[in-house]
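Remarks on the structure that follows.
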Amino acid sequence: MALSGQGLTPPAFVRLAAHPLRWRLLTALADSDYRVRELATQVDQPQNLVSYHLRLLRDGGLVTATRSSFDGRDSYYHLDLERCTDALIDSGAALHPALRPKTAPSIPAVDQQRSRRIAVLFVCTGNSARSPIAEALLRHHTAGRVTVTSAGSRPRARLHPNTVRVLREAFDIDISGQRPRHLDTLAGHTFDHVITLCDKAREVCPEFAHHPRQAHWSIPEPATAGDTDQAGYPAFQRTAADIDTRIRHLLPVLAATNS
């Protein structure tokens with residue numbers, strides 16, 4: 001489905017997002033990845049109706065789905081915010097050319113002058129790939145002005161070599177001296193945001209004091225893609241790119257938290 005329109009026909013994004021139930025689904029998915037039954041509970045609608053509208057959003061390219069690594073019969077739905085940005089720009093331009101921005105929308109910087117530093121925790125199972133990548137990228141994008149930690153429910157003995165490699169080659173970040181840590185070591189710590197990046201870790205992530213804002217990013221384990229660099233390293237490149245996009249979309253949320 002093309003996400004643009006001309007004349008009397010509204011652009012596809014407008015037609016999709018204007019439906020009240022689909023707008024509620026988009027709003028929920030803007031915060032976190034969810035399974036269909038969780039979305040049905042959030043919007044208080046039958047699961048088959050929610051599945052129907054999710055299919056329309058997927059056909060429109062606004063929502064994607066990935067098979068859960070915790071339960072292969074389940075899928076997690078994810079809002080493609082990059083696609084939504086493009087669709088909103090195209091929708092404005094369809095109304096009037098002056099509504100097309102001259103430059104790409106910028107993401108506001110996190111304001112650390114007004115209050116204490118925000119604390120963010122990223123969690124996956126092994127703390128050897130996804131969560132340390134997220135930790136490094138958030139620290140990089142905020143120049144260290146956010147307190148960032150990562151941990152695993154069943155941490156590995158060391159970081160995956162391709163985790164170190166992809167951060168060094170793609171982002172000029174060196175975490176070669178970092179070691180995985182267990183979630184248990186963070187008991188009693190306070191976080192503003194807790195984000196799980198692994199479907200299995202989401203199921204066992206403990207409750208933290210002061211009720212942090214929780215979100216889930218359903219990202220496949222890149223280390224399972226293959227044992228050789230030819231097979232395995234591209235998976236780490238895709239994972240790092242996906243996490244980097246999500247981190248950039250997280251920045252305005254952190255700015256709002258600290259405002």
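Following the order of the structure tokens, chains are lettered A, B, ..., residues in each are numbered from 1, and ligands are numbered from 1.
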
Inset, instruction - Would you mind writing down, as a ChimeraX atom specification, each residue of stretch 42-233 of chain A that DSSP on the backbone assigns to strand (DSSP E)? - result: /A:63-67,75-79,119-124,147-152,193-196,213-216

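When only C-alpha atoms are used to measure the gap to A:Ser91, the shortest distance among A:Val253, A:Leu16, A:Phe171, A:Cys205 belongs to A:Leu16.
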
Quick one: contact table of stretch 38-146 of chain A to stretch 216-226 of chain A, 10 Å max, nearest atom pair and distance in Å to one decimal per residue, counting only C-alpha atoms, chain and number order, as CSV?
residue,atom,partner,partner_atom,distance
A:Ala65,CA,A:Ser218,CA,9.2
A:Thr66,CA,A:Ser218,CA,7.4
A:Arg67,CA,A:Pro220,CA,8.8
A:Ser68,CA,A:Ser218,CA,7.5
A:Ser69,CA,A:Pro220,CA,7.1
A:Ser75,CA,A:Ser218,CA,9.2
A:Tyr76,CA,A:Ser218,CA,6.5
A:Tyr77,CA,A:Ser218,CA,8.3
A:His78,CA,A:Ser218,CA,7.9
A:Phe122,CA,A:His216,CA,9.6
A:Val123,CA,A:His216,CA,9.4
A:Cys124,CA,A:Glu221,CA,9.2
A:Thr125,CA,A:Glu221,CA,9.3
A:Gly126,CA,A:Glu221,CA,9.6
A:Ser128,CA,A:Ala223,CA,9.3
A:Ala129,CA,A:Pro222,CA,7.5
A:Arg130,CA,A:Glu221,CA,7.3

Save the residues we just selected, all heavy atoms, as a tab-separated table (two decimals), in the first residue's frame?
chain	number	residue	atom	x	y	z
A	65	ALA	N	6.09	-7.42	12.38
A	65	ALA	CA	5.93	-8.48	13.36
A	65	ALA	C	7.12	-9.42	13.30
A	65	ALA	O	7.62	-9.73	12.22
A	65	ALA	CB	4.63	-9.24	13.12
A	66	THR	N	7.58	-9.85	14.46
A	66	THR	CA	8.66	-10.83	14.55
A	66	THR	C	8.22	-11.97	15.46
A	66	THR	O	7.54	-11.74	16.46
A	66	THR	CB	9.96	-10.22	15.09
A	66	THR	OG1	9.70	-9.64	16.39
A	66	THR	CG2	10.49	-9.15	14.16
A	67	ARG	N	8.64	-13.18	15.11
A	67	ARG	CA	8.29	-14.35	15.91
A	67	ARG	C	9.00	-14.28	17.25
A	67	ARG	O	10.18	-13.96	17.33
A	67	ARG	CB	8.69	-15.61	15.17
A	67	ARG	CG	8.17	-16.89	15.78
A	67	ARG	CD	6.67	-17.03	15.70
A	67	ARG	NE	6.20	-17.12	14.33
A	67	ARG	CZ	4.92	-17.19	13.99
A	67	ARG	NH1	4.00	-17.16	14.94
A	67	ARG	NH2	4.56	-17.28	12.73
A	68	SER	N	8.28	-14.57	18.33
A	68	SER	CA	8.86	-14.51	19.67
A	68	SER	C	9.89	-15.62	19.85
A	68	SER	O	9.64	-16.77	19.50
A	68	SER	CB	7.75	-14.65	20.72
A	68	SER	OG	8.31	-14.85	22.01
A	69	SER	N	11.03	-15.25	20.43
A	69	SER	CA	12.05	-16.25	20.73
A	69	SER	C	11.74	-16.98	22.03
A	69	SER	O	12.36	-18.00	22.33
A	69	SER	CB	13.43	-15.59	20.83
A	69	SER	OG	13.45	-14.63	21.88
A	75	SER	N	3.91	-13.73	18.30
A	75	SER	CA	4.66	-12.71	17.57
A	75	SER	C	4.60	-11.40	18.33
A	75	SER	O	3.61	-11.11	19.01
A	75	SER	CB	4.09	-12.50	16.16
A	75	SER	OG	4.29	-13.63	15.35
A	76	TYR	N	5.68	-10.64	18.22
A	76	TYR	CA	5.71	-9.29	18.77
A	76	TYR	C	5.51	-8.29	17.64
A	76	TYR	O	6.12	-8.42	16.57
A	76	TYR	CB	7.04	-9.01	19.46
A	76	TYR	CG	7.08	-9.48	20.90
A	76	TYR	CD1	7.60	-10.71	21.23
A	76	TYR	CD2	6.56	-8.68	21.92
A	76	TYR	CE1	7.63	-11.14	22.56
A	76	TYR	CE2	6.59	-9.09	23.24
A	76	TYR	CZ	7.12	-10.32	23.55
A	76	TYR	OH	7.15	-10.74	24.85
A	77	TYR	N	4.67	-7.29	17.89
A	77	TYR	CA	4.41	-6.24	16.90
A	77	TYR	C	5.22	-5.00	17.25
A	77	TYR	O	5.37	-4.64	18.42
A	77	TYR	CB	2.92	-5.92	16.85
A	77	TYR	CG	2.12	-7.03	16.23
A	77	TYR	CD1	1.66	-8.10	16.99
A	77	TYR	CD2	1.86	-7.06	14.86
A	77	TYR	CE1	0.95	-9.15	16.43
A	77	TYR	CE2	1.15	-8.09	14.28
A	77	TYR	CZ	0.70	-9.14	15.07
A	77	TYR	OH	0.02	-10.17	14.50
A	78	HIS	N	5.76	-4.37	16.22
A	78	HIS	CA	6.66	-3.23	16.39
A	78	HIS	C	6.24	-2.10	15.46
A	78	HIS	O	5.96	-2.32	14.28
A	78	HIS	CB	8.09	-3.66	16.07
A	78	HIS	CG	9.06	-2.53	15.94
A	78	HIS	ND1	9.37	-1.69	17.00
A	78	HIS	CD2	9.79	-2.09	14.88
A	78	HIS	CE1	10.25	-0.79	16.59
A	78	HIS	NE2	10.51	-1.00	15.31
A	122	PHE	N	19.15	-1.58	30.28
A	122	PHE	CA	18.84	-2.46	29.17
A	122	PHE	C	19.09	-3.90	29.62
A	122	PHE	O	20.12	-4.20	30.24
A	122	PHE	CB	19.71	-2.15	27.95
A	122	PHE	CG	19.43	-0.81	27.33
A	122	PHE	CD1	20.30	0.26	27.52
A	122	PHE	CD2	18.30	-0.62	26.55
A	122	PHE	CE1	20.04	1.50	26.94
A	122	PHE	CE2	18.03	0.62	25.98
A	122	PHE	CZ	18.91	1.68	26.16
A	123	VAL	N	18.17	-4.80	29.26
A	123	VAL	CA	18.25	-6.19	29.72
A	123	VAL	C	18.09	-7.14	28.54
A	123	VAL	O	17.19	-6.97	27.70
A	123	VAL	CB	17.15	-6.49	30.76
A	123	VAL	CG1	17.26	-7.95	31.24
A	123	VAL	CG2	17.23	-5.54	31.94
A	124	CYS	N	18.96	-8.13	28.46
A	124	CYS	CA	18.74	-9.27	27.58
A	124	CYS	C	19.18	-10.51	28.35
A	124	CYS	O	19.48	-10.43	29.54
A	124	CYS	CB	19.44	-9.13	26.24
A	124	CYS	SG	21.25	-9.18	26.28
A	125	THR	N	19.24	-11.66	27.71
A	125	THR	CA	19.56	-12.89	28.43
A	125	THR	C	21.05	-12.96	28.78
A	125	THR	O	21.43	-13.06	29.95
A	125	THR	CB	19.14	-14.12	27.63
A	125	THR	OG1	17.73	-14.10	27.41
A	125	THR	CG2	19.49	-15.40	28.38
A	126	GLY	N	21.91	-12.90	27.77
A	126	GLY	CA	23.33	-13.12	27.99
A	126	GLY	C	24.14	-11.88	28.30
A	126	GLY	O	25.30	-12.00	28.72
A	128	SER	N	25.61	-10.11	26.33
A	128	SER	CA	26.83	-10.22	25.53
A	128	SER	C	26.69	-9.59	24.15
A	128	SER	O	27.69	-9.45	23.44
A	128	SER	CB	27.23	-11.69	25.36
A	128	SER	OG	26.25	-12.40	24.62
A	129	ALA	N	25.46	-9.19	23.76
A	129	ALA	CA	25.26	-8.63	22.42
A	129	ALA	C	24.27	-7.47	22.46
A	129	ALA	O	24.65	-6.30	22.43
A	129	ALA	CB	24.81	-9.73	21.45
A	130	ARG	N	22.97	-7.78	22.54
A	130	ARG	CA	21.96	-6.74	22.35
A	130	ARG	C	22.00	-5.65	23.43
A	130	ARG	O	22.04	-4.45	23.11
A	130	ARG	CB	20.57	-7.39	22.30
A	130	ARG	CG	20.34	-8.21	21.04
A	130	ARG	CD	19.19	-9.17	21.18
A	130	ARG	NE	19.51	-10.26	22.11
A	130	ARG	CZ	18.69	-11.28	22.36
A	130	ARG	NH1	17.49	-11.32	21.79
A	130	ARG	NH2	19.06	-12.24	23.19

Legend entry - Spatial neighbours of A:Ala40, 12 Å, only C-alpha atoms, chain gap at least 2 places, as JSON, numbers by chain: {"A": [21, 22, 24, 25, 28, 34, 35, 36, 37, 38, 42, 43, 44, 45, 46, 47, 48, 49, 50, 51, 52, 53, 54]}

For the residues selected in the previous step, produce a file with N, CA, C and O atoms as a PDB file, in the first residue's frame.
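Printed below is again.pdb as written:
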ATOM      1  N   LEU A  21      -9.564   2.800  16.648  1.00  0.00           N
ATOM      2  CA  LEU A  21      -8.894   1.632  17.219  1.00  0.00           C
ATOM      3  C   LEU A  21      -7.467   1.520  16.706  1.00  0.00           C
ATOM      4  O   LEU A  21      -6.542   1.229  17.479  1.00  0.00           O
ATOM      5  N   ARG A  22      -7.273   1.789  15.420  1.00  0.00           N
ATOM      6  CA  ARG A  22      -5.905   1.720  14.887  1.00  0.00           C
ATOM      7  C   ARG A  22      -5.024   2.798  15.514  1.00  0.00           C
ATOM      8  O   ARG A  22      -3.834   2.564  15.759  1.00  0.00           O
ATOM      9  N   ARG A  24      -5.284   3.895  18.565  1.00  0.00           N
ATOM     10  CA  ARG A  24      -4.945   3.396  19.899  1.00  0.00           C
ATOM     11  C   ARG A  24      -3.860   2.327  19.815  1.00  0.00           C
ATOM     12  O   ARG A  24      -2.977   2.270  20.679  1.00  0.00           O
ATOM     13  N   LEU A  25      -3.903   1.499  18.790  1.00  0.00           N
ATOM     14  CA  LEU A  25      -2.863   0.480  18.617  1.00  0.00           C
ATOM     15  C   LEU A  25      -1.525   1.139  18.298  1.00  0.00           C
ATOM     16  O   LEU A  25      -0.482   0.746  18.846  1.00  0.00           O
ATOM     17  N   ALA A  28      -0.130   2.644  21.492  1.00  0.00           N
ATOM     18  CA  ALA A  28       0.437   1.634  22.386  1.00  0.00           C
ATOM     19  C   ALA A  28       1.791   1.158  21.879  1.00  0.00           C
ATOM     20  O   ALA A  28       2.755   1.035  22.648  1.00  0.00           O
ATOM     21  N   TYR A  34       4.609  -5.276  21.541  1.00  0.00           N
ATOM     22  CA  TYR A  34       3.636  -6.072  22.281  1.00  0.00           C
ATOM     23  C   TYR A  34       3.155  -7.254  21.459  1.00  0.00           C
ATOM     24  O   TYR A  34       3.190  -7.231  20.221  1.00  0.00           O
ATOM     25  N   ARG A  35       2.663  -8.267  22.164  1.00  0.00           N
ATOM     26  CA  ARG A  35       1.966  -9.372  21.537  1.00  0.00           C
ATOM     27  C   ARG A  35       0.501  -8.992  21.352  1.00  0.00           C
ATOM     28  O   ARG A  35      -0.010  -8.101  22.037  1.00  0.00           O
ATOM     29  N   VAL A  36      -0.185  -9.699  20.450  1.00  0.00           N
ATOM     30  CA  VAL A  36      -1.539  -9.297  20.096  1.00  0.00           C
ATOM     31  C   VAL A  36      -2.471  -9.381  21.305  1.00  0.00           C
ATOM     32  O   VAL A  36      -3.331  -8.517  21.492  1.00  0.00           O
ATOM     33  N   ARG A  37      -2.308 -10.398  22.149  1.00  0.00           N
ATOM     34  CA  ARG A  37      -3.208 -10.508  23.302  1.00  0.00           C
ATOM     35  C   ARG A  37      -2.984  -9.370  24.292  1.00  0.00           C
ATOM     36  O   ARG A  37      -3.921  -8.940  24.968  1.00  0.00           O
ATOM     37  N   GLU A  38      -1.757  -8.878  24.374  1.00  0.00           N
ATOM     38  CA  GLU A  38      -1.484  -7.740  25.251  1.00  0.00           C
ATOM     39  C   GLU A  38      -2.117  -6.470  24.692  1.00  0.00           C
ATOM     40  O   GLU A  38      -2.648  -5.650  25.453  1.00  0.00           O
ATOM     41  N   GLN A  42      -5.007  -4.004  26.284  1.00  0.00           N
ATOM     42  CA  GLN A  42      -4.808  -2.561  26.420  1.00  0.00           C
ATOM     43  C   GLN A  42      -5.964  -1.759  25.824  1.00  0.00           C
ATOM     44  O   GLN A  42      -6.379  -0.742  26.385  1.00  0.00           O
ATOM     45  N   VAL A  43      -6.458  -2.211  24.664  1.00  0.00           N
ATOM     46  CA  VAL A  43      -7.522  -1.449  23.995  1.00  0.00           C
ATOM     47  C   VAL A  43      -8.907  -1.988  24.334  1.00  0.00           C
ATOM     48  O   VAL A  43      -9.913  -1.438  23.876  1.00  0.00           O
ATOM     49  N   ASP A  44      -8.961  -3.091  25.126  1.00  0.00           N
ATOM     50  CA  ASP A  44     -10.221  -3.677  25.576  1.00  0.00           C
ATOM     51  C   ASP A  44     -11.126  -4.032  24.389  1.00  0.00           C
ATOM     52  O   ASP A  44     -12.302  -3.653  24.350  1.00  0.00           O
ATOM     53  N   GLN A  45     -10.543  -4.761  23.440  1.00  0.00           N
ATOM     54  CA  GLN A  45     -11.282  -5.204  22.263  1.00  0.00           C
ATOM     55  C   GLN A  45     -10.982  -6.674  22.008  1.00  0.00           C
ATOM     56  O   GLN A  45      -9.940  -7.190  22.430  1.00  0.00           O
ATOM     57  N   PRO A  46     -11.862  -7.396  21.298  1.00  0.00           N
ATOM     58  CA  PRO A  46     -11.620  -8.814  21.010  1.00  0.00           C
ATOM     59  C   PRO A  46     -10.317  -9.006  20.231  1.00  0.00           C
ATOM     60  O   PRO A  46      -9.952  -8.175  19.387  1.00  0.00           O
ATOM     61  N   GLN A  47      -9.637 -10.106  20.496  1.00  0.00           N
ATOM     62  CA  GLN A  47      -8.339 -10.341  19.871  1.00  0.00           C
ATOM     63  C   GLN A  47      -8.443 -10.467  18.360  1.00  0.00           C
ATOM     64  O   GLN A  47      -7.563 -10.009  17.632  1.00  0.00           O
ATOM     65  N   ASN A  48      -9.530 -11.073  17.866  1.00  0.00           N
ATOM     66  CA  ASN A  48      -9.661 -11.216  16.411  1.00  0.00           C
ATOM     67  C   ASN A  48      -9.834  -9.862  15.737  1.00  0.00           C
ATOM     68  O   ASN A  48      -9.330  -9.636  14.625  1.00  0.00           O
ATOM     69  N   LEU A  49     -10.503  -8.908  16.404  1.00  0.00           N
ATOM     70  CA  LEU A  49     -10.658  -7.567  15.842  1.00  0.00           C
ATOM     71  C   LEU A  49      -9.324  -6.834  15.846  1.00  0.00           C
ATOM     72  O   LEU A  49      -8.961  -6.160  14.872  1.00  0.00           O
ATOM     73  N   VAL A  50      -8.576  -6.967  16.931  1.00  0.00           N
ATOM     74  CA  VAL A  50      -7.258  -6.346  17.013  1.00  0.00           C
ATOM     75  C   VAL A  50      -6.341  -6.924  15.943  1.00  0.00           C
ATOM     76  O   VAL A  50      -5.604  -6.192  15.271  1.00  0.00           O
ATOM     77  N   SER A  51      -6.380  -8.243  15.734  1.00  0.00           N
ATOM     78  CA  SER A  51      -5.555  -8.886  14.706  1.00  0.00           C
ATOM     79  C   SER A  51      -5.901  -8.354  13.316  1.00  0.00           C
ATOM     80  O   SER A  51      -5.003  -8.134  12.487  1.00  0.00           O
ATOM     81  N   TYR A  52      -7.169  -8.130  13.065  1.00  0.00           N
ATOM     82  CA  TYR A  52      -7.585  -7.595  11.766  1.00  0.00           C
ATOM     83  C   TYR A  52      -6.980  -6.209  11.523  1.00  0.00           C
ATOM     84  O   TYR A  52      -6.417  -5.940  10.451  1.00  0.00           O
ATOM     85  N   HIS A  53      -7.062  -5.346  12.518  1.00  0.00           N
ATOM     86  CA  HIS A  53      -6.535  -3.992  12.334  1.00  0.00           C
ATOM     87  C   HIS A  53      -5.009  -3.983  12.316  1.00  0.00           C
ATOM     88  O   HIS A  53      -4.393  -3.162  11.619  1.00  0.00           O
ATOM     89  N   LEU A  54      -4.375  -4.890  13.048  1.00  0.00           N
ATOM     90  CA  LEU A  54      -2.922  -5.012  12.957  1.00  0.00           C
ATOM     91  C   LEU A  54      -2.497  -5.435  11.563  1.00  0.00           C
ATOM     92  O   LEU A  54      -1.469  -4.976  11.051  1.00  0.00           O
TER      93      LEU A  54
END

Inset, instruction - Record the distance separating atom CA of A:Asp244 and atom CA of A:Arg145, expressed in Å with one decimal. - result: 17.2 Å
